[in-house]
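Structure file work_11.pdb with PDB, C-alpha atoms (C1' of nucleotides):
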```pdb
ATOM      1  CA  MET A 250      10.202   9.859   1.387
ATOM      2  CA  ALA A 251      10.263   6.082   0.980
ATOM      3  CA  ARG A 252       8.399   4.607   3.914
ATOM      4  CA  ASP A 253       8.497   0.923   4.692
ATOM      5  CA  PRO A 254       6.408  -1.071   2.298
ATOM      6  CA  LYS A 255       3.105  -2.716   3.141
ATOM      7  CA  SER A 256       4.624  -6.002   1.992
ATOM      8  CA  PHE A 257       7.576  -7.374   0.089
ATOM      9  CA  CYS A 258       5.419  -8.826  -2.653
ATOM     10  CA  SER A 259       6.926  -7.980  -6.027
ATOM     11  CA  ILE A 260       3.694  -6.437  -7.279
ATOM     12  CA  ASN A 261       3.302  -4.324  -4.170
ATOM     13  CA  LEU A 262       6.909  -3.131  -4.255
ATOM     14  CA  ALA A 263       6.447  -1.992  -7.834
ATOM     15  CA  LEU A 264       3.229  -0.197  -6.916
ATOM     16  CA  GLU A 265       4.905   1.595  -4.050
ATOM     17  CA  VAL A 266       7.327   3.079  -6.571
ATOM     18  CA  PHE A 267       5.119   3.919  -9.534
ATOM     19  CA  GLY A 268       1.589   3.113  -8.373
ATOM     20  CA  ASP A 269       0.174   6.585  -8.911
ATOM     21  CA  LYS A 270      -1.269   8.691 -11.677
ATOM     22  CA  TRP A 271       1.852  10.670 -12.593
ATOM     23  CA  THR A 272       5.112   8.780 -12.160
ATOM     24  CA  LEU A 273       4.860   6.579 -15.231
ATOM     25  CA  LEU A 274       3.798   9.536 -17.368
ATOM     26  CA  ILE A 275       7.106  11.164 -16.494
ATOM     27  CA  ILE A 276       8.963   7.964 -17.350
ATOM     28  CA  ARG A 277       7.017   7.784 -20.620
ATOM     29  CA  ASP A 278       8.034  11.348 -21.521
ATOM     30  CA  ILE A 279      11.698  10.707 -20.802
ATOM     31  CA  MET A 280      11.697   7.278 -22.409
ATOM     32  CA  LEU A 281       9.472   7.643 -25.459
ATOM     33  CA  GLY A 282       9.288  11.414 -25.859
ATOM     34  CA  ASP A 283      13.004  11.957 -25.341
ATOM     35  CA  LYS A 284      12.277  14.747 -22.891
ATOM     36  CA  ARG A 285      15.217  15.438 -20.668
ATOM     37  CA  HIS A 286      14.369  18.768 -19.008
ATOM     38  CA  PHE A 287      11.873  19.883 -16.404
ATOM     39  CA  ARG A 288      10.103  22.304 -18.742
ATOM     40  CA  GLU A 289       9.776  19.751 -21.510
ATOM     41  CA  ILE A 290       8.029  17.262 -19.253
ATOM     42  CA  LEU A 291       5.887  20.055 -17.873
ATOM     43  CA  GLN A 292       4.530  20.803 -21.332
ATOM     44  CA  SER A 293       3.009  17.366 -21.897
ATOM     45  CA  GLU A 294      -0.673  17.279 -22.586
ATOM     46  CA  GLU A 295      -1.609  15.958 -19.141
ATOM     47  CA  LYS A 296      -0.443  19.246 -17.609
ATOM     48  CA  ILE A 297       1.371  18.013 -14.554
ATOM     49  CA  SER A 298       2.008  20.784 -12.051
ATOM     50  CA  THR A 299       5.444  21.922 -11.015
ATOM     51  CA  ASN A 300       5.373  20.724  -7.436
ATOM     52  CA  ILE A 301       4.260  17.221  -8.378
ATOM     53  CA  LEU A 302       6.900  17.037 -11.080
ATOM     54  CA  THR A 303       9.539  18.208  -8.603
ATOM     55  CA  ASP A 304       8.369  15.676  -6.050
ATOM     56  CA  ARG A 305       8.327  12.756  -8.474
ATOM     57  CA  LEU A 306      11.660  13.583 -10.066
ATOM     58  CA  ASN A 307      13.259  13.706  -6.637
ATOM     59  CA  MET A 308      11.570  10.457  -5.663
ATOM     60  CA  LEU A 309      12.715   8.740  -8.847
ATOM     61  CA  GLU A 310      16.224  10.009  -8.317
ATOM     62  CA  SER A 311      16.296   8.865  -4.695
ATOM     63  CA  ARG A 312      15.122   5.420  -5.783
ATOM     64  CA  GLY A 313      17.779   5.139  -8.440
ATOM     65  CA  ILE A 314      15.449   5.195 -11.429
ATOM     66  CA  LEU A 315      16.884   8.349 -12.866
ATOM     67  CA  THR A 316      19.835  10.646 -12.360
ATOM     68  CA  LYS A 317      19.999  14.411 -12.410
ATOM     69  CA  GLY A 318      22.947  16.061 -14.103
ATOM     70  CA  ASN A 319      23.916  19.624 -14.870
ATOM     71  CA  ASP A 320      23.236  21.010 -18.309
ATOM     72  CA  PRO A 321      26.385  22.746 -19.570
ATOM     73  CA  SER A 322      24.277  25.077 -21.723
ATOM     74  CA  HIS A 323      22.397  26.590 -18.826
ATOM     75  CA  LYS A 324      23.519  26.742 -15.229
ATOM     76  CA  GLN A 325      20.036  26.463 -13.809
ATOM     77  CA  LYS A 326      19.003  23.616 -16.040
ATOM     78  CA  PHE A 327      19.208  19.913 -15.213
ATOM     79  CA  VAL A 328      19.312  16.926 -17.506
ATOM     80  CA  TYR A 329      17.360  13.907 -16.322
ATOM     81  CA  SER A 330      18.685  10.541 -17.441
ATOM     82  CA  LEU A 331      17.361   7.057 -16.945
ATOM     83  CA  THR A 332      19.362   4.456 -15.066
ATOM     84  CA  GLN A 333      19.220   0.791 -16.007
ATOM     85  CA  LYS A 334      16.526   0.435 -13.365
ATOM     86  CA  GLY A 335      14.568   3.088 -15.216
ATOM     87  CA  ILE A 336      15.181   1.631 -18.656
ATOM     88  CA  ASP A 337      13.914  -1.694 -17.321
ATOM     89  CA  LEU A 338      10.507  -0.109 -16.919
ATOM     90  CA  LEU A 339      10.071  -0.232 -20.684
ATOM     91  CA  PRO A 340       8.401  -3.666 -20.641
ATOM     92  CA  VAL A 341       5.921  -2.390 -18.048
ATOM     93  CA  ILE A 342       5.082   0.608 -20.235
ATOM     94  CA  ALA A 343       4.785  -1.680 -23.255
ATOM     95  CA  ALA A 344       2.429  -4.061 -21.468
ATOM     96  CA  MET A 345       0.251  -1.192 -20.308
ATOM     97  CA  ALA A 346       0.131   0.261 -23.804
ATOM     98  CA  GLN A 347      -0.856  -3.098 -25.220
ATOM     99  CA  TRP A 348      -3.682  -3.437 -22.731
ATOM    100  CA  SER A 349      -5.013   0.059 -23.393
ATOM    101  CA  LEU A 350      -4.809  -0.331 -27.133
ATOM    102  CA  LYS A 351      -7.010  -3.385 -26.850
ATOM    103  CA  HIS A 352      -9.455  -2.152 -24.257
ATOM    104  CA  GLU A 353      -9.469   1.639 -23.997
ATOM    105  CA  PRO A 354     -10.258   4.475 -26.423
ATOM    106  CA  VAL A 355      -6.682   5.405 -27.281
ATOM    107  CA  SER A 356      -6.280   8.409 -29.563
ATOM    108  CA  ALA A 357      -4.888   7.982 -33.067
ATOM    109  CA  ILE A 358      -1.742   9.910 -32.189
ATOM    110  CA  SER A 359      -1.017   7.816 -29.130
ATOM    111  CA  GLN A 360      -1.792   4.702 -31.124
ATOM    112  CA  GLN A 361       0.863   5.645 -33.650
ATOM    113  CA  HIS A 362       3.372   6.184 -30.880
ATOM    114  CA  THR A 363       2.684   3.160 -28.724
ATOM    115  CA  GLN A 364       1.456   0.424 -31.060
ATOM    116  CA  PRO A 365       4.948  -0.441 -32.312
ATOM    117  CA  ILE A 366       6.249  -0.743 -28.764
ATOM    118  CA  ALA A 367       3.216  -2.707 -27.633
ATOM    119  CA  GLU A 368       3.314  -5.185 -30.485
ATOM    120  CA  GLY A 369       6.978  -5.234 -31.385
ATOM    121  CA  GLY A 370       7.716  -8.162 -29.119
ATOM    122  CA  PRO A 371      10.748  -8.857 -26.967
ATOM    123  CA  GLU A 372      13.326  -8.171 -29.701
ATOM    124  CA  LEU A 373      12.071  -4.645 -30.279
ATOM    125  CA  ILE A 374      12.032  -4.010 -26.542
ATOM    126  CA  GLY A 375      15.604  -5.251 -26.438
ATOM    127  CA  ARG A 376      16.675  -2.957 -29.242
ATOM    128  CA  LEU A 377      14.961   0.052 -27.702
ATOM    129  CA  SER A 378      16.554  -0.719 -24.349
ATOM    130  CA  ASP A 379      19.962  -0.728 -25.972
ATOM    131  CA  GLU A 380      19.206   2.590 -27.647
ATOM    132  CA  LEU A 381      18.122   4.072 -24.333
ATOM    133  CA  ALA A 382      21.238   2.723 -22.668
ATOM    134  CA  THR A 383      23.541   4.501 -25.121
ATOM    135  CA  LYS A 384      21.538   7.707 -24.764
ATOM    136  CA  HIS A 385      21.169   7.763 -21.005
ATOM    137  CA  LEU A 386      23.908   5.777 -19.316
TER     138      LEU A 386
ATOM    139  CA  MET B  32     -16.815   7.436 -10.656
ATOM    140  CA  ALA B  33     -14.927   7.560 -13.965
ATOM    141  CA  ARG B  34     -14.147  11.181 -14.745
ATOM    142  CA  ASP B  35     -12.938  12.243 -18.157
ATOM    143  CA  PRO B  36      -9.304  11.364 -18.683
ATOM    144  CA  LYS B  37      -6.449  13.857 -18.688
ATOM    145  CA  SER B  38      -5.530  12.550 -22.131
ATOM    146  CA  PHE B  39      -6.199   9.657 -24.469
ATOM    147  CA  CYS B  40      -2.621   8.452 -24.369
ATOM    148  CA  SER B  41      -2.551   4.687 -23.883
ATOM    149  CA  ILE B  42      -0.280   4.943 -20.853
ATOM    150  CA  ASN B  43      -2.433   7.571 -19.242
ATOM    151  CA  LEU B  44      -5.655   5.660 -19.879
ATOM    152  CA  ALA B  45      -4.171   2.622 -18.195
ATOM    153  CA  LEU B  46      -3.049   4.695 -15.230
ATOM    154  CA  GLU B  47      -6.483   6.197 -14.831
ATOM    155  CA  VAL B  48      -7.825   2.680 -14.356
ATOM    156  CA  PHE B  49      -5.192   1.024 -12.180
ATOM    157  CA  GLY B  50      -2.727   3.801 -11.365
ATOM    158  CA  ASP B  51      -3.055   3.592  -7.618
ATOM    159  CA  LYS B  52      -1.664   1.603  -4.718
ATOM    160  CA  TRP B  53      -4.507  -0.901  -4.345
ATOM    161  CA  THR B  54      -6.253  -1.836  -7.566
ATOM    162  CA  LEU B  55      -3.576  -4.137  -8.967
ATOM    163  CA  LEU B  56      -3.167  -5.854  -5.609
ATOM    164  CA  ILE B  57      -6.811  -6.877  -5.859
ATOM    165  CA  ILE B  58      -6.278  -8.101  -9.418
ATOM    166  CA  ARG B  59      -3.208  -9.991  -8.227
ATOM    167  CA  ASP B  60      -5.207 -11.723  -5.487
ATOM    168  CA  ILE B  61      -7.955 -12.761  -7.855
ATOM    169  CA  MET B  62      -5.587 -13.744 -10.639
ATOM    170  CA  LEU B  63      -2.652 -15.371  -8.879
ATOM    171  CA  GLY B  64      -4.111 -16.091  -5.446
ATOM    172  CA  ASP B  65      -7.360 -17.486  -6.791
ATOM    173  CA  LYS B  66      -9.297 -15.360  -4.327
ATOM    174  CA  ARG B  67     -12.868 -14.897  -5.398
ATOM    175  CA  HIS B  68     -14.595 -13.481  -2.316
ATOM    176  CA  PHE B  69     -14.520 -10.166  -0.489
ATOM    177  CA  ARG B  70     -13.235 -11.701   2.746
ATOM    178  CA  GLU B  71     -10.453 -13.584   1.036
ATOM    179  CA  ILE B  72      -9.075 -10.446  -0.593
ATOM    180  CA  LEU B  73      -9.453  -8.594   2.679
ATOM    181  CA  GLN B  74      -7.159 -11.060   4.422
ATOM    182  CA  SER B  75      -4.138 -10.392   2.205
ATOM    183  CA  GLU B  76      -1.021  -9.239   3.938
ATOM    184  CA  GLU B  77      -1.332  -5.636   2.763
ATOM    185  CA  LYS B  78      -4.481  -5.258   4.905
ATOM    186  CA  ILE B  79      -6.690  -3.292   2.561
ATOM    187  CA  SER B  80      -9.623  -1.721   4.385
ATOM    188  CA  THR B  81     -13.204  -2.603   3.643
ATOM    189  CA  ASN B  82     -14.280   0.722   2.195
ATOM    190  CA  ILE B  83     -11.401   0.829  -0.270
ATOM    191  CA  LEU B  84     -11.974  -2.768  -1.298
ATOM    192  CA  THR B  85     -15.655  -2.056  -1.869
ATOM    193  CA  ASP B  86     -14.827   1.048  -3.847
ATOM    194  CA  ARG B  87     -12.265  -0.667  -6.069
ATOM    195  CA  LEU B  88     -14.378  -3.754  -6.683
ATOM    196  CA  ASN B  89     -17.251  -1.537  -7.807
ATOM    197  CA  MET B  90     -14.920   0.533  -9.980
ATOM    198  CA  LEU B  91     -13.453  -2.568 -11.589
ATOM    199  CA  GLU B  92     -16.915  -3.956 -12.201
ATOM    200  CA  SER B  93     -18.130  -0.674 -13.712
ATOM    201  CA  ARG B  94     -15.132  -0.640 -16.033
ATOM    202  CA  GLY B  95     -15.702  -4.179 -17.177
ATOM    203  CA  ILE B  96     -12.589  -5.674 -15.635
ATOM    204  CA  LEU B  97     -14.477  -8.014 -13.376
ATOM    205  CA  THR B  98     -17.988  -9.275 -12.832
ATOM    206  CA  LYS B  99     -19.863  -9.924  -9.643
ATOM    207  CA  GLY B 100     -21.987 -13.040  -9.436
ATOM    208  CA  ASN B 101     -24.004 -14.760  -6.729
ATOM    209  CA  ASP B 102     -22.454 -17.576  -4.789
ATOM    210  CA  PRO B 103     -24.872 -20.530  -4.718
ATOM    211  CA  SER B 104     -23.437 -21.716  -1.391
ATOM    212  CA  HIS B 105     -24.322 -18.539   0.451
ATOM    213  CA  LYS B 106     -27.002 -16.093  -0.595
ATOM    214  CA  GLN B 107     -25.177 -13.051   0.721
ATOM    215  CA  LYS B 108     -21.850 -13.964  -0.793
ATOM    216  CA  PHE B 109     -20.595 -12.739  -4.146
ATOM    217  CA  VAL B 110     -18.100 -14.344  -6.478
ATOM    218  CA  TYR B 111     -15.806 -11.965  -8.319
ATOM    219  CA  SER B 112     -14.670 -13.124 -11.743
ATOM    220  CA  LEU B 113     -12.276 -11.620 -14.229
ATOM    221  CA  THR B 114     -13.451 -10.614 -17.661
ATOM    222  CA  GLN B 115     -11.174 -10.906 -20.691
ATOM    223  CA  LYS B 116     -10.234  -7.278 -20.065
ATOM    224  CA  GLY B 117      -9.153  -8.296 -16.581
ATOM    225  CA  ILE B 118      -7.301 -11.409 -17.717
ATOM    226  CA  ASP B 119      -5.425  -9.237 -20.194
ATOM    227  CA  LEU B 120      -3.802  -7.460 -17.255
ATOM    228  CA  LEU B 121      -1.656 -10.541 -16.674
ATOM    229  CA  PRO B 122       1.191  -9.265 -18.893
ATOM    230  CA  VAL B 123       1.217  -5.998 -16.946
ATOM    231  CA  ILE B 124       1.455  -7.879 -13.662
ATOM    232  CA  ALA B 125       4.162 -10.111 -15.115
ATOM    233  CA  ALA B 126       6.214  -7.125 -16.320
ATOM    234  CA  MET B 127       5.932  -5.440 -12.951
ATOM    235  CA  ALA B 128       6.983  -8.624 -11.172
ATOM    236  CA  GLN B 129       9.981  -8.997 -13.458
ATOM    237  CA  TRP B 130      11.072  -5.438 -12.739
ATOM    238  CA  SER B 131      10.724  -5.824  -8.985
ATOM    239  CA  LEU B 132      12.509  -9.146  -8.928
ATOM    240  CA  LYS B 133      15.465  -7.488 -10.616
ATOM    241  CA  HIS B 134      15.495  -4.218  -8.694
ATOM    242  CA  GLU B 135      13.583  -4.456  -5.419
ATOM    243  CA  PRO B 136      13.973  -6.556  -2.248
ATOM    244  CA  VAL B 137      11.269  -9.097  -3.015
ATOM    245  CA  SER B 138      10.604 -11.655  -0.280
ATOM    246  CA  ALA B 139      11.414 -15.302  -0.857
ATOM    247  CA  ILE B 140       7.742 -16.250  -0.764
ATOM    248  CA  SER B 141       6.766 -13.680  -3.345
ATOM    249  CA  GLN B 142       9.744 -14.676  -5.429
ATOM    250  CA  GLN B 143       8.485 -18.243  -5.519
ATOM    251  CA  HIS B 144       5.071 -17.064  -6.604
ATOM    252  CA  THR B 145       6.007 -14.493  -9.201
ATOM    253  CA  GLN B 146       9.300 -15.613 -10.700
ATOM    254  CA  PRO B 147       7.715 -18.236 -12.942
ATOM    255  CA  ILE B 148       5.227 -15.711 -14.283
ATOM    256  CA  ALA B 149       7.880 -13.057 -14.711
ATOM    257  CA  GLU B 150      10.317 -15.275 -16.547
ATOM    258  CA  GLY B 151       8.037 -17.789 -18.203
ATOM    259  CA  GLY B 152       7.809 -15.794 -21.383
ATOM    260  CA  PRO B 153       4.864 -15.248 -23.706
ATOM    261  CA  GLU B 154       3.913 -18.921 -23.976
ATOM    262  CA  LEU B 155       3.459 -19.296 -20.230
ATOM    263  CA  ILE B 156       1.427 -16.089 -20.152
ATOM    264  CA  GLY B 157      -0.695 -17.541 -22.924
ATOM    265  CA  ARG B 158      -1.261 -20.773 -21.061
ATOM    266  CA  LEU B 159      -2.113 -19.003 -17.821
ATOM    267  CA  SER B 160      -4.524 -16.735 -19.675
ATOM    268  CA  ASP B 161      -6.297 -19.767 -21.073
ATOM    269  CA  GLU B 162      -6.490 -21.273 -17.604
ATOM    270  CA  LEU B 163      -7.952 -18.066 -16.224
ATOM    271  CA  ALA B 164     -10.429 -17.929 -19.093
ATOM    272  CA  THR B 165     -11.806 -21.370 -18.291
ATOM    273  CA  LYS B 166     -11.978 -20.519 -14.587
ATOM    274  CA  HIS B 167     -13.536 -17.086 -14.867
ATOM    275  CA  LEU B 168     -15.437 -16.666 -18.111
TER     276      LEU B 168
ATOM    277  C1'  DA C  49      18.121  46.945 -18.362
ATOM    278  C1'  DC C  50      14.660  43.785 -19.015
ATOM    279  C1'  DA C  51      11.693  40.174 -20.667
ATOM    280  C1'  DA C  52      11.652  35.394 -21.073
ATOM    281  C1'  DG C  53      12.954  31.121 -19.320
ATOM    282  C1'  DC C  54      14.741  28.016 -15.591
ATOM    283  C1'  DA C  55      13.796  24.741 -11.417
ATOM    284  C1'  DG C  56      11.659  24.923  -7.436
ATOM    285  C1'  DT C  57       8.654  26.682  -3.270
ATOM    286  C1'  DT C  58       4.689  27.995  -0.646
ATOM    287  C1'  DG C  59      -0.091  28.169   0.747
ATOM    288  C1'  DT C  60      -4.480  26.403   0.375
ATOM    289  C1'  DA C  61      -8.095  23.500  -1.342
ATOM    290  C1'  DA C  62      -9.562  19.062  -2.798
ATOM    291  C1'  DT C  63      -9.102  14.237  -2.645
ATOM    292  C1'  DA C  64      -7.940   9.765  -0.881
ATOM    293  C1'  DA C  65      -6.985   6.625   2.702
ATOM    294  C1'  DA C  66      -7.035   4.781   7.428
ATOM    295  C1'  DC C  67      -9.595   3.543  11.306
ATOM    296  C1'  DA C  68     -13.543   2.349  14.106
ATOM    297  C1'  DA C  69     -18.117   1.328  14.463
ATOM    298  C1'  DG C  70     -22.584   0.093  12.746
ATOM    299  C1'  DT C  71     -26.038  -2.192   9.292
ATOM    300  C1'  DT C  72     -28.600  -5.903   7.217
ATOM    301  C1'  DG C  73     -29.036 -10.216   6.248
ATOM    302  C1'  DT C  74     -27.405 -15.539   6.244
ATOM    303  C1'  DA C  75     -25.915 -20.029   8.001
ATOM    304  C1'  DG C  76     -24.995 -23.441  11.108
ATOM    305  C1'  DA C  77     -24.763 -25.189  15.790
ATOM    306  C1'  DA C  78     -26.847 -25.774  20.614
TER     307       DA C  78
ATOM    308  C1'  DT D 145     -35.374 -20.552  18.489
ATOM    309  C1'  DT D 146     -31.822 -18.199  19.868
ATOM    310  C1'  DC D 147     -26.915 -17.651  19.809
ATOM    311  C1'  DT D 148     -22.784 -16.853  17.418
ATOM    312  C1'  DA D 149     -20.013 -16.182  13.610
ATOM    313  C1'  DC D 150     -19.901 -14.478   9.117
ATOM    314  C1'  DA D 151     -21.193 -12.063   4.602
ATOM    315  C1'  DA D 152     -20.724  -7.581   2.057
ATOM    316  C1'  DC D 153     -21.018  -3.306   2.720
ATOM    317  C1'  DT D 154     -21.956   1.649   4.875
ATOM    318  C1'  DT D 155     -21.131   5.605   7.617
ATOM    319  C1'  DG D 156     -18.550   8.983  10.068
ATOM    320  C1'  DT D 157     -14.275  10.822  11.712
ATOM    321  C1'  DT D 158      -9.465  11.660  11.523
ATOM    322  C1'  DT D 159      -5.273  11.784   9.082
ATOM    323  C1'  DA D 160      -2.355  11.837   5.020
ATOM    324  C1'  DT D 161      -1.669  12.731   0.345
ATOM    325  C1'  DT D 162      -2.286  15.150  -3.883
ATOM    326  C1'  DA D 163      -3.690  18.969  -6.801
ATOM    327  C1'  DC D 164      -3.849  23.724  -8.238
ATOM    328  C1'  DA D 165      -2.312  28.434  -8.443
ATOM    329  C1'  DA D 166       0.552  31.985  -7.373
ATOM    330  C1'  DC D 167       5.078  33.203  -6.358
ATOM    331  C1'  DT D 168      10.558  32.924  -5.603
ATOM    332  C1'  DG D 169      15.191  33.676  -6.933
ATOM    333  C1'  DC D 170      18.444  32.889 -10.400
ATOM    334  C1'  DT D 171      20.060  32.907 -15.512
ATOM    335  C1'  DT D 172      20.004  33.769 -20.029
ATOM    336  C1'  DG D 173      19.718  36.370 -24.613
ATOM    337  C1'  DT D 174      18.568  40.791 -26.656
TER     338       DT D 174
END
```
When written as C-alpha cells, how does the structure in this file appear?
Amino acid sequence: MARDPKSFCSINLALEVFGDKWTLLIIRDIMLGDKRHFREILQSEEKISTNILTDRLNMLESRGILTKGNDPSHKQKFVYSLTQKGIDLLPVIAAMAQWSLKHEPVSAISQQHTQPIAEGGPELIGRLSDELATKHL
Amino acid sequence: MARDPKSFCSINLALEVFGDKWTLLIIRDIMLGDKRHFREILQSEEKISTNILTDRLNMLESRGILTKGNDPSHKQKFVYSLTQKGIDLLPVIAAMAQWSLKHEPVSAISQQHTQPIAEGGPELIGRLSDELATKHL
DNA sequence: ACAAGCAGTTGTAATAAACAAGTTGTAGAA
DNA sequence: TTCTACAACTTGTTTATTACAACTGCTTGT
C-alpha cells in the first residue's frame, strides 16, 4: 500500500499520505464532525463511495493516523479513532480552511464551522487538540 | 479545467485546488526554492514530467495562484510568479512541514530547509510572506 | 421471518500519470 | 551561417489509479 516515496522532503512525505481529494475530508469528518463510523462518514455531502472510504480508512490505519476498534453496541460496527499523529493534522486543516475562507467561495454553513478554527490562533488549536485527545486516545 | 466542486466546504474547496501529489510541490519550489522557470522546477528531485508540470502551471495560473510573465533575458522563457493567493499558501506548507517533521522520516536536508518555517511561528510566516510579496508581486 | 442497517467487495468505466518522442522557436558559439 | 544546446510545450502510447454502481454476507430490531 505504501510505496517508497519520491523523496524525503517533508512536503512530499505529507502529500504522499494525504495528497488526494478524499483523505482529508475523512479526517475532517472524524475531527470536526465527530463522525466515528463508516456510515456516518459515508453520508457527508461529498458522497464518497464505499470502496474509496474502505481504502482510505485502511491506509490511514496502516499509517498510524487512526485506529479501528470494535463497537460494543454492534458486532459488525467499527469505531474509528484518531491517533496523536491524526490529531496533529488539525493545524493543516486549519491552515487550509483559512486559505479557502480568504480566497474561495466557501458556503455560509462551512464558514460557520471552519472560521473559528481558522482564525482562533494557536491557543484554540491547542485546546481543540486536547479535547480530541481525551475523546480519541 | 475547473469542474464544479463536490461541495463548498472550505476544506473541500482547498483540496479541489491542490489536493493532489504534484501541485504543492510546484508551489514549494517556487516559494521556498526560488525557482521561477519551467526547467528549474522540472529538475527537482521528485522528477515531475513535462506534461504534468505544464498542466499544473496552467491550472494554477487559471485559478489565480500564479502569473506567467515574459523573461526579458530570453524571449521564449517565462517567469512564474506567485500572486497573493499563492503566497497565502505558505501557512499550509508550513503546517504540512511541521506535521511531517514530527511524524515522518524527513531527510536531513529537507529538515534544514523546512524546520525554520515549520517552527518559526506566525511572525516568521509574516516576514516570509512580505519577502515573497516584494519578490513576486 | 424479514426489512433495515452494517462494513466491505467486485467489476467496469473513467481519469490521471508515466514515459518517450516530436515541435517550434531562441541564443550563443564556431 | 550553421551547429548545438536550450526554452516551453505537445502528442501519443502505455500503465496505474480512482470513481461509480451493483452486490455480498453478516447483524440487528421489530
Report task. Considering all atoms listed in the file, return as a ChimeraX atom specification whatever protein or nucleic-acid residues lie within 8 Å of Ala164 (chain B), sequence-local ones (same chain, fewer than 3 positions apart) excluded. Result -> /B:115,118,160-161,167-168
Query - Counting only C-alpha atoms, chain B residues within 9 Å of chain A, as a PyMOL selection string - result: chain B and resi 36-47+49-53+55-56+59+76-78+116+119-120+122-142+145
**Report entry** Contacts of DT172 (chain D) at 9 Å (all atoms listed in the file; same-chain gap of 2+ positions) as a PyMOL selection string
**Finding:** (chain A and resi 323) or (chain C and resi 52-54)
Mind dumping a table of every chain A residue within 9 Å of chain D, with the nearest atom pair and its distance in Å to one decimal, using all atoms listed in the file, sorted by chain and rising number, as a Markdown table?
```
| residue | atom | partner | partner_atom | distance |
| --- | --- | --- | --- | --- |
| A:Ser298 | CA | D:DC164 | C1' | 7.6 |
| A:Ile301 | CA | D:DT162 | C1' | 8.2 |
| A:His323 | CA | D:DT171 | C1' | 7.5 |
| A:Lys324 | CA | D:DT171 | C1' | 7.1 |
| A:Gln325 | CA | D:DT171 | C1' | 6.7 |
```
Write out, as a tab-separated table (two decimals), in the coordinates of the input, the residues just selected, with C-alpha atoms.
```tsv
chain	number	residue	atom	x	y	z
A	298	SER	CA	2.01	20.78	-12.05
A	301	ILE	CA	4.26	17.22	-8.38
A	323	HIS	CA	22.40	26.59	-18.83
A	324	LYS	CA	23.52	26.74	-15.23
A	325	GLN	CA	20.04	26.46	-13.81
```
Query raised in the report: Please, what distance in Å, to one decimal, runs between CA of Ser330 (chain A) and CA of Leu302 (chain A)?
Result: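 Between these atoms lies a distance of 14.9 Å.
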Query raised in the report: Can you list, as a ChimeraX atom specification, the residues that the PyMOL selection byres ((chain A) within 9 of (chain C)) selects here?
Result: /A:287-288,299-300,303,323-327
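CA of Lys66 (chain B) is positioned 13.0 Å from CA of Lys99 (chain B).
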Report task. Mind giving me the straight-line distance from CA of Gly64 (chain B) to CA of Glu368 (chain A) in Å, one decimal? Result -> 28.3 Å
Taking all atoms of region 276-283 of chain A that the file lists, what box with edges along x, y and z, padded by 5 Å per side, do you get, with centre and edge lengths in Å to one decimal, as lines of an AutoDock Vina configuration file?
```
center_x = 10.0
center_y = 9.6
center_z = -21.6
size_x = 16.0
size_y = 14.7
size_z = 18.5
```
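Evaluated against this file, the PyMOL selection byres ((chain B and resi 111) around 8) yields Ile61, Arg67, His68, Leu97, Thr98, Lys99, Gly100, Phe109, Val110, Ser112 and Leu113 of chain B.
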